[in-house]
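S.K.: So that we are looking at the same thing, I have put the structure below in structure tokens.
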Amino acid sequence: TQSTWVCEISECSGCTFVGYFSTEKADDFNLACILTLPPFQRKGYGKFMIELSYEISKKEGRAGTPERPLSDLGRVSYFGYWKESLLKEIIQREGDTYTIKFLSSLTAIKSDDIVHTLQALSCIHNVD
């Protein structure tokens with residue numbers, strides 16, 4: 001099942017289309033496609049739509065991941081969102097022990113994305 005969500009801003013003259021994202025329930029994708037129109041890029045609308053897609057996943061009780069491959073801008077945007085979300089949860093629970101599965105249940109971020117993000121931040125590493 002696919003759903004499309006539209007992002008608009010309200011102005012005196014009416015609503016202005018900013019962008020959209022679509023979700024695909026198959027294959028655990030919480031975001032299949034995202035578009036922010038060029039005049040509205042780098043103003044937080046893409047981040048807002050990414051965050052909204054994860055909030056929807058939380059309400060559905062499942063972890064999600066974006067459809068791959070990610071564009072260069074998508075990779076940067078998602079890494080920023082994952083980093084912020086994960087570090088917020090880790091800092092709130094400073095001194096606690098937690099698992100990747102627990103972080104996934106709190107954030108609705110798929111475990112593979114959590115591991116990749118924490119490795120990129122040098123928070124975890126593989127043990128041979």
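For the structure tokens, the naming scheme is as follows: chains receive sequential letters (A, B, ...) according to their order of presentation, residues are indexed from 1 within each chain, and ligands are indexed from 1 in presentation order.
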Give me, as a ChimeraX atom specification, the residues of chain A that a backbone DSSP run labels strand (DSSP E).
M.R.: /A:2-11,14-24,29-31,33-36,65-66
S.K.: For A:Asp113, work out the shell of residues within 8 Å, counting only C-alpha atoms and skipping chain neighbours fewer than 3 positions away, then give it as a list in words.
M.R.: Thr65, Trp82, Ile109, Lys110, His116 and Thr117 of chain A
S.K.: Please build the interface table for stretch 53-124 of chain A against stretch 10-31 of chain A with a cut-off of 12 Å, listing for each qualifying residue the nearest atom pair and the distance in Å to one decimal; count only C-alpha atoms, order rows by chain and increasing number, and write it as JSON lines.
M.R.:
```
{"residue": "A:Ser53", "atom": "CA", "partner": "A:Asn30", "partner_atom": "CA", "distance": 5.9}
{"residue": "A:Tyr54", "atom": "CA", "partner": "A:Asn30", "partner_atom": "CA", "distance": 6.9}
{"residue": "A:Glu55", "atom": "CA", "partner": "A:Asn30", "partner_atom": "CA", "distance": 9.7}
{"residue": "A:Ile56", "atom": "CA", "partner": "A:Asn30", "partner_atom": "CA", "distance": 8.0}
{"residue": "A:Ser57", "atom": "CA", "partner": "A:Asn30", "partner_atom": "CA", "distance": 6.5}
{"residue": "A:Lys58", "atom": "CA", "partner": "A:Asn30", "partner_atom": "CA", "distance": 10.2}
{"residue": "A:Lys59", "atom": "CA", "partner": "A:Asn30", "partner_atom": "CA", "distance": 11.7}
{"residue": "A:Glu60", "atom": "CA", "partner": "A:Asn30", "partner_atom": "CA", "distance": 10.3}
{"residue": "A:Gly61", "atom": "CA", "partner": "A:Asp28", "partner_atom": "CA", "distance": 11.5}
{"residue": "A:Arg62", "atom": "CA", "partner": "A:Asp28", "partner_atom": "CA", "distance": 8.1}
{"residue": "A:Ala63", "atom": "CA", "partner": "A:Asp28", "partner_atom": "CA", "distance": 7.2}
{"residue": "A:Gly64", "atom": "CA", "partner": "A:Asn30", "partner_atom": "CA", "distance": 4.8}
{"residue": "A:Thr65", "atom": "CA", "partner": "A:Phe29", "partner_atom": "CA", "distance": 5.0}
{"residue": "A:Pro66", "atom": "CA", "partner": "A:Leu31", "partner_atom": "CA", "distance": 4.8}
{"residue": "A:Glu67", "atom": "CA", "partner": "A:Phe29", "partner_atom": "CA", "distance": 5.7}
{"residue": "A:Arg68", "atom": "CA", "partner": "A:Phe29", "partner_atom": "CA", "distance": 9.1}
{"residue": "A:Pro69", "atom": "CA", "partner": "A:Leu31", "partner_atom": "CA", "distance": 11.9}
{"residue": "A:Leu70", "atom": "CA", "partner": "A:Leu31", "partner_atom": "CA", "distance": 10.9}
{"residue": "A:Gly74", "atom": "CA", "partner": "A:Leu31", "partner_atom": "CA", "distance": 11.2}
{"residue": "A:Tyr78", "atom": "CA", "partner": "A:Leu31", "partner_atom": "CA", "distance": 10.9}
{"residue": "A:Ala108", "atom": "CA", "partner": "A:Asn30", "partner_atom": "CA", "distance": 9.5}
{"residue": "A:Ile109", "atom": "CA", "partner": "A:Asn30", "partner_atom": "CA", "distance": 9.4}
{"residue": "A:Lys110", "atom": "CA", "partner": "A:Asp28", "partner_atom": "CA", "distance": 8.7}
{"residue": "A:Ser111", "atom": "CA", "partner": "A:Asp28", "partner_atom": "CA", "distance": 11.8}
```
S.K.: Restricting the calculation to only C-alpha atoms, which member of A:Leu106, A:Val76, A:Ile9, A:Leu86 is positioned closest to A:Arg42?
M.R.: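 The shortest atom-to-atom distance to A:Arg42 comes from A:Val76.
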S.K.: Which is closest to A:Glu89 among A:Ile114, A:Leu52, A:Leu73, A:Cys7, if we use only C-alpha atoms?
M.R.: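 Answer, going by the shortest atom-to-atom distance: A:Ile114.
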S.K.: State, in Å with one decimal place, the distance from atom CA of A:Gly44 to atom CA of A:Ser77.
M.R.: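 A separation of 10.0 Å between them.
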S.K.: Quick one: pull the distance between atom CA of A:Gln119 and atom CA of A:Tyr45, Å, one decimal.
M.R.: 27.1 Å
S.K.: Let me make sure I understand: among A:Glu8, A:Asp96, A:Glu84, A:Asp112, which one has the smallest atom-to-atom distance to A:Glu51 if we use only C-alpha atoms?
M.R.: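 The shortest atom-to-atom distance to A:Glu51 comes from A:Glu84.
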S.K.: Give me, please, the distance in Å between atom CA of A:Ile34 and atom CA of A:Met49, quoted to one decimal.
M.R.: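 So the answer is 7.9 Å.
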